[in-house]
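So this one's my_file23.txt, compact mmCIF, C-alpha atoms:
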```txt
# COMPACT_ATOMS: atom_id res chain seq x y z
CA MET K 77 0.00 0.00 0.00
CA GLY K 78 1.41 3.35 -0.99
CA ALA K 79 4.78 4.17 -2.48
CA ALA K 80 7.93 2.52 -1.22
CA LEU K 81 10.24 4.61 0.93
CA THR K 82 13.40 5.71 -0.86
CA THR K 83 16.36 7.52 0.67
CA THR K 84 15.30 10.68 -1.14
CA SER K 85 11.69 10.56 -0.03
CA ALA K 86 12.72 9.82 3.56
CA GLU K 87 15.05 12.83 3.53
CA VAL K 88 12.30 15.09 2.19
CA ILE K 89 9.86 13.96 4.86
CA THR K 90 12.45 14.26 7.62
CA ARG K 91 13.47 17.72 6.43
CA SER K 92 9.86 18.86 6.50
CA PHE K 93 9.72 17.83 10.16
CA ASP K 94 13.01 19.49 11.08
CA ASP K 95 12.04 22.69 9.26
CA LEU K 96 8.89 23.28 11.30
CA ASP K 97 9.17 26.77 12.74
CA LEU K 98 8.19 27.41 16.34
CA ALA K 99 6.31 30.57 15.40
CA ASP K 100 4.25 28.64 12.84
CA LEU K 101 3.48 25.91 15.35
CA ARG K 102 2.14 28.54 17.73
CA GLN K 103 -0.30 29.73 15.05
CA ARG K 104 -1.96 26.35 14.69
CA PRO K 105 -5.65 26.20 15.62
CA GLY K 106 -5.47 22.81 17.35
CA ALA K 107 -5.68 22.35 21.11
CA LYS K 108 -2.06 21.30 21.58
CA TRP K 109 -0.56 24.70 20.78
CA ARG K 110 -3.48 27.10 21.18
CA CYS K 111 -4.24 26.53 24.85
CA VAL K 112 -0.80 27.47 26.23
CA PRO K 113 0.90 30.86 26.78
CA VAL K 114 3.54 31.85 24.24
CA ASP K 115 6.41 31.02 26.59
CA VAL K 116 5.22 27.46 27.23
CA LEU K 117 6.20 24.46 25.12
CA PRO K 118 3.36 21.91 24.89
CA ALA K 119 4.25 18.22 25.09
CA TRP K 120 0.99 16.87 26.40
CA VAL K 121 -2.01 15.85 24.27
CA ALA K 122 -1.42 12.93 21.86
CA ASP K 123 -1.16 14.90 18.62
CA MET K 124 1.98 14.96 16.51
CA ASP K 125 3.39 18.29 15.37
CA PHE K 126 4.27 16.92 11.94
CA PRO K 127 2.51 17.95 8.72
CA VAL K 128 -0.15 15.61 7.43
CA ALA K 129 1.04 13.33 4.61
CA ASP K 130 0.65 14.73 1.11
CA PRO K 131 -1.62 11.94 -0.22
CA ILE K 132 -4.10 12.70 2.56
CA LEU K 133 -4.02 16.43 1.89
CA ASP K 134 -4.34 15.87 -1.85
CA ARG K 135 -7.43 13.73 -1.41
CA VAL K 136 -9.09 16.16 0.99
CA ARG K 137 -8.33 19.08 -1.34
CA ARG K 138 -9.82 17.24 -4.32
CA ILE K 139 -13.05 16.65 -2.44
CA ALA K 140 -13.28 20.16 -1.01
CA GLY K 141 -12.19 21.71 -4.32
CA GLY K 142 -14.98 19.93 -6.13
CA ALA K 143 -17.44 22.18 -4.32
CA ASP K 144 -19.54 19.16 -3.37
CA LEU K 145 -19.84 18.46 0.34
CA GLY K 146 -23.27 16.90 0.08
CA TYR K 147 -24.42 13.43 1.04
CA PRO K 148 -21.82 10.79 0.17
CA ASP K 149 -22.62 7.98 -2.24
CA TRP K 150 -22.47 5.10 0.23
CA PRO K 151 -25.05 2.53 -0.85
CA GLY K 152 -26.93 1.29 2.17
CA GLY K 153 -24.87 3.61 4.38
CA VAL K 154 -21.83 1.33 4.02
CA SER K 155 -18.68 3.40 3.57
CA PRO K 156 -15.69 2.07 1.59
CA LEU K 157 -13.62 2.35 4.77
CA ARG K 158 -14.87 -1.03 5.98
CA GLU K 159 -13.27 -2.97 3.13
CA VAL K 160 -10.09 -0.91 3.41
CA PHE K 161 -9.79 -1.70 7.11
CA ALA K 162 -10.30 -5.43 6.49
CA ALA K 163 -7.68 -5.44 3.72
CA ARG K 164 -5.18 -3.56 5.86
CA MET K 165 -5.54 -6.00 8.76
CA ALA K 166 -5.05 -8.93 6.39
CA SER K 167 -1.95 -7.48 4.73
CA ARG K 168 -0.25 -6.19 7.86
CA HIS K 169 -1.21 -8.75 10.48
CA GLY K 170 -2.59 -11.82 8.74
CA TRP K 171 -5.93 -11.22 10.41
CA HIS K 172 -8.95 -11.45 8.12
CA PRO K 173 -11.86 -9.59 9.74
CA ARG K 174 -15.15 -9.52 7.86
CA ALA K 175 -15.87 -6.06 6.46
CA GLU K 176 -19.60 -6.46 7.10
CA HIS K 177 -18.83 -6.61 10.83
CA VAL K 178 -17.21 -3.15 10.79
CA ARG K 179 -18.96 0.05 11.90
CA GLU K 180 -17.64 3.63 11.77
CA PHE K 181 -17.62 5.97 14.77
CA ALA K 182 -16.43 9.51 15.38
CA ASN K 183 -13.50 8.44 17.53
CA VAL K 184 -12.14 5.53 19.53
CA THR K 185 -13.53 6.75 22.84
CA GLN K 186 -17.04 7.02 21.41
CA ALA K 187 -16.81 3.50 19.97
CA VAL K 188 -15.64 2.09 23.31
CA GLN K 189 -18.42 3.83 25.21
CA VAL K 190 -21.12 2.79 22.75
CA MET K 191 -20.06 -0.84 22.88
CA LEU K 192 -19.85 -0.82 26.68
CA HIS K 193 -23.34 0.67 26.75
CA LEU K 194 -24.61 -2.16 24.56
CA VAL K 195 -22.85 -5.16 26.11
CA THR K 196 -22.89 -4.30 29.83
CA ALA K 197 -25.43 -3.21 32.40
CA VAL K 198 -25.36 -0.84 35.36
CA GLY K 199 -23.23 -2.39 38.09
CA ASP K 200 -21.20 -4.61 35.76
CA VAL K 201 -17.45 -4.81 36.33
CA VAL K 202 -15.02 -3.74 33.59
CA ALA K 203 -11.33 -4.63 33.96
CA VAL K 204 -8.84 -1.99 32.77
CA HIS K 205 -5.05 -2.04 32.78
CA THR K 206 -3.87 0.89 34.85
CA PRO K 207 -2.58 3.56 34.68
CA ALA K 208 -5.23 4.39 32.11
CA PHE K 209 -6.29 7.30 29.92
CA ARG K 210 -8.89 9.16 32.01
CA PRO K 211 -11.71 9.23 29.41
CA ILE K 212 -11.58 5.42 29.42
CA THR K 213 -12.15 4.98 33.16
CA ALA K 214 -14.38 8.06 33.46
CA GLY K 215 -16.62 6.70 30.71
CA VAL K 216 -16.99 3.40 32.53
CA THR K 217 -17.98 5.00 35.83
CA ALA K 218 -20.25 7.59 34.18
CA MET K 219 -22.33 4.70 32.82
CA GLY K 220 -22.70 3.22 36.29
CA ARG K 221 -20.26 0.39 35.64
CA ARG K 222 -17.45 -0.46 38.05
CA VAL K 223 -13.76 -0.27 37.11
CA LEU K 224 -11.56 -3.19 38.10
CA PRO K 225 -7.97 -1.88 37.95
CA ILE K 226 -5.37 -4.35 36.69
CA PRO K 227 -2.14 -2.51 37.58
CA MET K 228 0.83 -2.74 35.28
CA ARG K 229 3.94 -3.45 37.34
CA ASP K 230 7.50 -2.32 36.74
CA ASP K 231 9.77 -5.37 37.01
CA GLY K 232 12.95 -3.29 36.80
CA SER K 233 13.27 -3.40 33.03
CA ARG K 234 9.78 -3.01 31.58
CA TRP K 235 6.14 -2.70 32.49
CA GLN K 236 4.52 -6.10 32.94
CA PHE K 237 1.01 -7.54 32.83
CA ASP K 238 0.09 -9.50 35.96
CA ALA K 239 -1.90 -12.47 34.62
CA GLU K 240 -2.28 -14.13 38.00
CA ARG K 241 -3.81 -11.05 39.58
CA PHE K 242 -6.14 -10.56 36.64
CA ALA K 243 -7.35 -14.16 36.79
CA ARG K 244 -7.89 -13.99 40.54
CA GLU K 245 -9.76 -10.70 40.53
CA ALA K 246 -11.80 -11.49 37.42
CA ALA K 247 -13.10 -14.57 39.21
CA GLY K 248 -13.75 -12.79 42.49
CA THR K 249 -15.59 -9.76 41.17
CA GLY K 250 -17.88 -11.15 38.50
CA CYS K 251 -16.02 -9.19 35.85
CA ARG K 252 -17.90 -8.87 32.55
CA VAL K 253 -15.47 -7.11 30.18
CA LEU K 254 -11.74 -6.63 29.71
CA LEU K 255 -11.04 -3.22 28.21
CA LEU K 256 -7.64 -3.79 26.64
CA VAL K 257 -5.45 -0.95 25.36
CA ASN K 258 -2.66 -2.40 23.20
CA PRO K 259 -0.17 -0.84 22.66
CA HIS K 260 -0.73 0.49 26.14
CA ASN K 261 -1.19 4.18 26.87
CA PRO K 262 0.64 5.63 28.81
CA THR K 263 3.38 3.03 29.42
CA GLY K 264 4.02 2.28 25.73
CA ARG K 265 4.04 -1.50 26.26
CA VAL K 266 3.34 -3.78 23.31
CA PHE K 267 1.85 -6.94 24.75
CA THR K 268 3.58 -10.13 23.64
CA ALA K 269 1.87 -13.16 22.15
CA ASP K 270 2.27 -14.98 25.48
CA GLU K 271 0.67 -12.12 27.39
CA LEU K 272 -2.21 -11.87 24.95
CA HIS K 273 -2.81 -15.61 25.07
CA ALA K 274 -2.84 -15.42 28.87
CA MET K 275 -5.48 -12.71 28.70
CA ALA K 276 -7.44 -14.72 26.16
CA GLU K 277 -7.36 -17.84 28.33
CA ILE K 278 -8.74 -15.86 31.28
CA ALA K 279 -11.39 -14.27 29.05
CA VAL K 280 -12.54 -17.69 27.83
CA ARG K 281 -12.45 -19.24 31.31
CA HIS K 282 -14.56 -16.47 32.85
CA ASP K 283 -16.68 -15.73 29.77
CA LEU K 284 -15.42 -12.16 29.37
CA LEU K 285 -15.94 -9.95 26.37
CA VAL K 286 -12.86 -8.01 25.25
CA ILE K 287 -12.92 -4.49 23.84
CA SER K 288 -9.48 -3.99 22.33
CA ASP K 289 -8.38 -0.40 21.69
CA GLU K 290 -5.54 -0.71 19.16
CA VAL K 291 -5.28 2.91 18.03
CA HIS K 292 -1.50 3.09 18.65
CA SER K 293 -0.72 -0.14 16.77
CA ASP K 294 0.85 1.60 13.75
CA LEU K 295 3.37 3.26 16.06
CA THR K 296 5.25 0.12 17.11
CA TYR K 297 9.06 0.10 17.12
CA GLN K 298 11.29 -2.77 16.06
CA PRO K 299 11.79 -5.47 17.27
CA TYR K 300 8.33 -5.34 18.83
CA ALA K 301 5.29 -6.43 16.85
CA HIS K 302 1.63 -5.61 17.28
CA ILE K 303 -0.74 -8.58 17.38
CA PRO K 304 -4.47 -7.85 17.03
CA PHE K 305 -6.23 -9.54 19.92
CA ALA K 306 -8.96 -10.91 17.65
CA SER K 307 -6.33 -12.66 15.52
CA LEU K 308 -5.41 -15.13 18.28
CA SER K 309 -8.10 -17.66 17.36
CA PRO K 310 -11.66 -17.88 16.04
CA GLU K 311 -12.89 -18.47 19.61
CA VAL K 312 -11.17 -15.29 20.80
CA ALA K 313 -12.38 -13.31 17.78
CA ALA K 314 -15.97 -14.24 18.62
CA ARG K 315 -15.70 -12.48 21.97
CA THR K 316 -13.64 -9.47 20.80
CA ILE K 317 -14.58 -5.96 19.68
CA THR K 318 -11.62 -4.20 18.02
CA VAL K 319 -11.44 -0.41 17.85
CA THR K 320 -8.88 1.65 15.96
CA SER K 321 -8.32 4.79 13.91
CA ALA K 322 -5.73 6.56 11.76
CA SER K 323 -5.88 9.50 14.15
CA LYS K 324 -2.68 8.82 16.13
CA ALA K 325 -0.33 7.42 13.49
CA PHE K 326 -1.38 9.88 10.76
CA ASN K 327 -2.34 12.97 12.78
CA LEU K 328 -6.05 12.99 11.88
CA ALA K 329 -7.78 13.35 15.24
CA GLY K 330 -9.68 16.44 14.13
CA LEU K 331 -11.39 14.57 11.29
CA ARG K 332 -13.22 12.39 13.82
CA THR K 333 -13.18 8.97 12.17
CA ALA K 334 -12.65 5.55 13.75
CA VAL K 335 -13.63 1.98 12.96
CA CYS K 336 -14.97 -0.75 15.19
CA HIS K 337 -14.91 -4.43 14.22
CA VAL K 338 -17.63 -6.18 16.21
CA GLY K 339 -16.69 -9.84 16.42
CA VAL K 340 -19.28 -10.61 19.12
CA PRO K 341 -22.56 -11.75 17.48
CA ALA K 342 -24.76 -10.50 20.33
CA ALA K 343 -23.06 -7.10 20.23
CA ARG K 344 -23.55 -6.88 16.47
CA GLN K 345 -27.24 -7.57 16.92
CA ALA K 346 -27.52 -5.06 19.76
CA LEU K 347 -25.89 -2.43 17.55
CA ALA K 348 -28.16 -3.28 14.61
CA ASP K 349 -31.21 -2.92 16.85
CA GLN K 350 -30.43 0.74 17.60
CA PRO K 351 -31.92 3.57 15.51
CA ALA K 352 -29.70 4.12 12.48
CA GLU K 353 -28.69 7.69 13.37
CA LEU K 354 -28.54 7.36 17.17
CA PHE K 355 -24.74 7.36 17.35
CA GLY K 356 -24.19 9.72 14.43
CA THR K 357 -22.27 9.10 11.23
CA VAL K 358 -18.77 9.97 10.16
CA ASN K 359 -18.11 12.64 7.56
CA VAL K 360 -16.88 12.08 4.05
CA LEU K 361 -13.60 13.98 4.57
CA GLY K 362 -12.67 11.83 7.56
CA VAL K 363 -13.46 8.62 5.71
CA GLN K 364 -11.51 9.62 2.62
CA ALA K 365 -8.56 10.89 4.64
CA THR K 366 -8.42 7.59 6.51
CA ILE K 367 -8.59 5.61 3.28
CA ALA K 368 -5.69 7.66 1.89
CA ALA K 369 -3.71 7.09 5.11
CA TRP K 370 -4.24 3.34 5.00
CA THR K 371 -3.65 2.87 1.26
CA GLU K 372 -1.24 5.60 0.07
CA CYS K 373 0.95 6.63 3.00
CA ASP K 374 3.21 3.71 3.85
CA ALA K 375 6.33 5.67 2.88
CA TRP K 376 5.30 8.63 5.02
CA GLN K 377 4.53 6.37 7.95
CA THR K 378 7.84 4.52 7.68
CA ALA K 379 9.80 7.78 7.63
CA THR K 380 7.74 9.18 10.50
CA LEU K 381 8.32 6.10 12.64
CA ARG K 382 12.07 6.36 12.00
CA TYR K 383 11.99 10.00 13.08
CA LEU K 384 10.03 9.11 16.20
CA GLU K 385 12.49 6.32 16.96
CA ARG K 386 15.34 8.84 17.00
CA ASN K 387 13.28 11.14 19.22
CA ARG K 388 12.55 8.24 21.55
CA LEU K 389 16.26 7.47 21.86
CA LEU K 390 16.99 11.16 22.49
CA VAL K 391 14.48 11.28 25.35
CA CYS K 392 15.90 8.15 26.94
CA ASP K 393 19.52 9.27 26.52
CA VAL K 394 19.07 12.82 27.85
CA LEU K 395 16.99 11.86 30.86
CA ARG K 396 19.11 8.89 31.86
CA ARG K 397 22.29 10.93 31.53
CA GLU K 398 21.20 14.34 32.87
CA ALA K 399 18.19 13.59 35.09
CA PRO K 400 18.74 10.02 36.33
CA ARG K 401 16.25 10.38 39.18
CA ILE K 402 13.51 10.40 36.55
CA ARG K 403 12.94 6.74 35.77
CA LEU K 404 11.86 5.81 32.26
CA ARG K 405 11.13 2.50 30.55
CA ALA K 406 11.62 3.09 26.83
CA PRO K 407 8.22 2.85 25.15
CA GLU K 408 7.89 -0.06 22.74
CA ALA K 409 5.24 1.86 20.79
CA THR K 410 3.55 5.28 20.74
CA TYR K 411 5.23 8.69 20.86
CA LEU K 412 4.49 8.99 24.56
CA ALA K 413 7.02 8.53 27.36
CA TRP K 414 5.78 7.68 30.87
CA LEU K 415 8.17 9.39 33.29
CA ASP K 416 8.39 8.28 36.91
CA CYS K 417 9.28 11.39 38.90
CA ARG K 418 8.64 10.02 42.39
CA ALA K 419 12.34 9.89 43.29
CA LEU K 420 12.55 13.65 42.87
CA GLY K 421 10.84 13.97 46.25
CA TRP K 422 8.59 16.85 45.23
CA ASP K 423 5.54 17.56 47.37
CA GLU K 424 3.42 18.59 44.39
CA ASP K 425 2.30 17.08 41.10
CA PRO K 426 5.39 17.03 38.84
CA ALA K 427 3.42 18.36 35.86
CA SER K 428 2.54 21.49 37.85
CA ARG K 429 6.16 22.10 38.75
CA PHE K 430 7.46 21.52 35.21
CA LEU K 431 4.87 24.00 33.96
CA ARG K 432 5.55 26.65 36.58
CA GLU K 433 9.34 26.48 36.65
CA GLY K 434 10.25 24.96 33.28
CA ARG K 435 7.37 26.36 31.15
CA VAL K 436 6.70 22.91 29.69
CA LEU K 437 3.19 21.47 29.59
CA LEU K 438 3.14 17.71 30.16
CA SER K 439 0.20 15.41 30.84
CA ALA K 440 -0.28 15.07 34.59
CA GLY K 441 0.03 11.59 36.07
CA PRO K 442 -3.17 11.86 38.16
CA ASP K 443 -5.07 12.11 34.87
CA PHE K 444 -4.18 8.41 34.47
CA ASP K 445 -5.13 7.28 37.97
CA PRO K 446 -5.11 4.86 39.58
CA GLY K 447 -1.36 4.51 39.36
CA GLY K 448 -0.41 7.90 37.95
CA ASP K 449 0.58 9.89 41.04
CA GLY K 450 4.17 11.08 40.74
CA PHE K 451 4.31 10.52 36.98
CA VAL K 452 4.07 12.72 33.88
CA ARG K 453 3.51 11.77 30.24
CA LEU K 454 5.75 13.39 27.64
CA ASN K 455 4.71 13.61 23.98
CA PHE K 456 7.91 13.47 21.91
CA ALA K 457 6.30 13.75 18.45
CA SER K 458 7.86 17.16 17.79
CA PRO K 459 10.61 18.59 15.61
CA ARG K 460 13.94 17.68 17.12
CA HIS K 461 14.85 21.27 17.94
CA VAL K 462 11.59 21.66 19.89
CA LEU K 463 12.03 18.35 21.71
CA THR K 464 15.62 19.26 22.59
CA GLU K 465 14.39 22.47 24.21
CA VAL K 466 11.61 20.62 26.05
CA LEU K 467 14.18 18.23 27.50
CA ARG K 468 16.52 21.10 28.40
CA ARG K 469 13.72 22.73 30.37
CA ILE K 470 12.82 19.48 32.13
CA VAL K 471 16.43 18.88 33.14
CA GLY K 472 16.80 22.49 34.25
CA THR K 473 13.73 22.19 36.48
CA VAL K 474 15.04 18.99 38.07
CA ARG K 475 18.41 20.60 38.77
CA ARG K 476 16.94 23.81 40.17
CA PRO K 477 17.43 24.06 43.96
```
Let me see whether you can do it: turn the structure in this file into structure tokens.
Amino acid sequence: MGAALTTTSAEVITRSFDDLDLADLRQRPGAKWRCVPVDVLPAWVADMDFPVADPILDRVRRIAGGADLGYPDWPGGVSPLREVFAARMASRHGWHPRAEHVREFANVTQAVQVMLHLVTAVGDVVAVHTPAFRPITAGVTAMGRRVLPIPMRDDGSRWQFDAERFAREAAGTGCRVLLLVNPHNPTGRVFTADELHAMAEIAVRHDLLVISDEVHSDLTYQPYAHIPFASLSPEVAARTITVTSASKAFNLAGLRTAVCHVGVPAARQALADQPAELFGTVNVLGVQATIAAWTECDAWQTATLRYLERNRLLVCDVLRREAPRIRLRAPEATYLAWLDCRALGWDEDPASRFLREGRVLLSAGPDFDPGGDGFVRLNFASPRHVLTEVLRRIVGTVRRP
């Protein structure tokens, strides 16, 4: 899919990232840059600073330039994105989901909440690996469901999934659903085949449904490999709902388009029983931009991942060398680094101190509770000169008396 990456094309893409001017970034209308004072560098919300890939922009311009933003020609309301998603999963992961089991949503969070609404009831228990993105846990509790935290544990080299604890607590609480985020946000872990099979065995044993948020899967670094949970076996697929989007890997969050593969027959029927427009429909620009991302932008994505890999190494090197009291496990995917600042001994949330003294906006650890106190999340998807300055300010704050 898409053009192959050549040395020349990689250099052009990389140069376009390096050449991003700070003044131009500050003029962007998106939330990342617009909601901070001019002396603050934002490294918080999960948006990349990089320009959108040319094939995506070209397709959006063709549609908008045609002066026709009317109803799309989607026979029966079935967008072409469903077949594209199925083909992409088959080519990249050897998983062959059925396109007719795919439904579009505005974003991943909406899809997760809709499916939880349909497959659980008030009082049901939903297991979530923690720390967790706040809209995930807040959505569960807002619907009257109960969150069962499954804490990730740091074994001294990486963040680990505790299968024994999950099995024990799933049995003891009457858990109904595992809400899996893989790759995991904020730790950046890519679950291994053994870990996924352990989760699947527990899900089968306790008759759990699995909602698998895989939105960061295209941002996986070598030698790690993303494995769709539904690809483990037909039995697992029949109890799995897979949610993803091009929003993270291709910088398209504002176009509000995600896909949800509903492998659970009862959930498919529950969704089909709802009024057709109850959950809204995606817009034609978002669908077409996602199709372009998934069919024409492999070269851009490869170059972007290489750039992010160098940024990831820069973060790890600078912090380990110049701020060793900040503990960091190198993320195996995502452009998000989960920084353990507890050894700094500060009596306030580290994000507040980095903002006040370093003029850097990071995501606050308590926004990922339980398990986030004393942590911050750093978004390193920025031009290298911006990231270098972010790191300089973080180190300076740590060294300040």
Distance of atom CA of Arg234 of chain K from atom CA of Gln377 of chain K, expressed in Å to one decimal place: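 Taking atom CA of Gln377 of chain K as the start and atom CA of Arg234 of chain K as the end point, the length is 26.0 Å.
Environment of (3.0, 12.4, 22.9): residues at most 6 Å away, judged by all atoms listed in the file, are Ala122, Tyr411, Leu412, Leu454, Asn455, Phe456 and Ala457 of chain K.
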Contact residues around Val198 of chain K with only C-alpha atoms at 10 Å, ignoring same-chain residues under 4 positions, as a VMD selection string: chain K and resid 193 216 to 222
Of the listed residues K:Cys111, K:Val462, K:Ile402, K:Leu437, that which approaches Asn387 of chain K most closely, counting only C-alpha atoms: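 Among the listed residues, the smallest separation from Asn387 of chain K belongs to K:Val462.
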Selection: 12 Å around Leu194 of chain K, only C-alpha atoms, excl. self and same-chain fewer than 6 positions, as a ChimeraX atom specification: /K:187-188,200,219,253,285,287,317,338,340,342-350,355
Atomic distance atom CA of Ala409 of chain K - atom CA of Arg91 of chain K, expressed in Å with one decimal: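 Computed distance, atom CA of Ala409 of chain K to atom CA of Arg91 of chain K, equals 22.9 Å.
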Contact residues around segment 165-174 of chain K with only C-alpha atoms at 10 Å, ignoring same-chain residues under 6 positions, as a ChimeraX atom specification: /K:77,158-159,294,301-309,313,318,337-339
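Minimum atom-to-atom distance to Pro400 of chain K, evaluated using only C-alpha atoms, belongs to K:Leu420 out of K:Thr333, K:Leu420, K:Pro105, K:Ala269.
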Interatomic distance (Å, one decimal) between atom CA of His282 of chain K and atom CA of Gly448 of chain K: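 Pair atom CA of His282 of chain K / atom CA of Gly448 of chain K returns 28.6 Å.
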Can you sort out the box for segment 421-430 of chain K, edges along x, y and z, all listed atoms in, 6 Å on every side, with centre and edge lengths in Å to one decimal, as JSON?
```
{"center_x": 6.6, "center_y": 18.0, "center_z": 41.3, "size_x": 20.5, "size_y": 20.1, "size_z": 24.2}
```
Selected residue of minimal separation from Val154 of chain K among K:Cys373, K:Ala279, K:Cys251, K:Val363, counting all atoms listed in the file: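 The shortest atom-to-atom distance to Val154 of chain K comes from K:Val363.
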For Ala203 of chain K, the nearest of the candidates K:Ala369, K:Leu395, K:Leu390, K:Leu256, counting all atoms listed in the file: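 So, comparing all the options, the nearest one is K:Leu256.
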Nearest to Asp95 of chain K, chosen from K:Tyr383, K:Phe237, K:Phe126, K:Trp109, with all atoms listed in the file counted in the distances: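 Checking each of K:Tyr383, K:Phe237, K:Phe126, K:Trp109 against Asp95 of chain K, counting all atoms listed in the file, the winner is K:Phe126.
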Counting only C-alpha atoms, the option among K:Cys336, K:Leu272, K:Val190, K:Ala119 closest to Ala162 of chain K: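 Looking only at the distances to Ala162 of chain K, the closest residue turns out to be K:Cys336.
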Protein, DNA and RNA residues within 9 Å of (10.5, 2.4, 31.6), all atoms listed in the file, as an NGL selection string: :K and (230 or 232-235 or 263-264 or 403-407 or 413-416)
Non-local contacts of Val266 of chain K (7 Å; only C-alpha atoms; under 3 positions in same chain excluded) as number ranges by chain: K: 258-260, 300, 302, 408-409
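The list of residues with at least one atom within 10 Å of Asp130 of chain K, based on all atoms listed in the file and without residues fewer than 3 positions apart in the same chain, reads Ile89, Pro127, Leu133, Asp134, Arg135, Val136, Ala368, Ala369, Glu372, Cys373 and Trp376 of chain K.
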Would you tabulate, counting all atoms listed in the file, all residues of segment 116-152 of chain K that have an atom at most 12 Å from an atom of segment 467-477 of chain K, showing the closest pair of atoms and their distance in Å to one decimal, sorted by chain then ascending number, as CSV?
```
residue,atom,partner,partner_atom,distance
K:Val116,CA,K:Arg469,CA,10.2
K:Leu117,CA,K:Arg469,CA,9.3
K:Pro118,CA,K:Leu467,CA,11.7
K:Ala119,CA,K:Leu467,CA,10.2
```
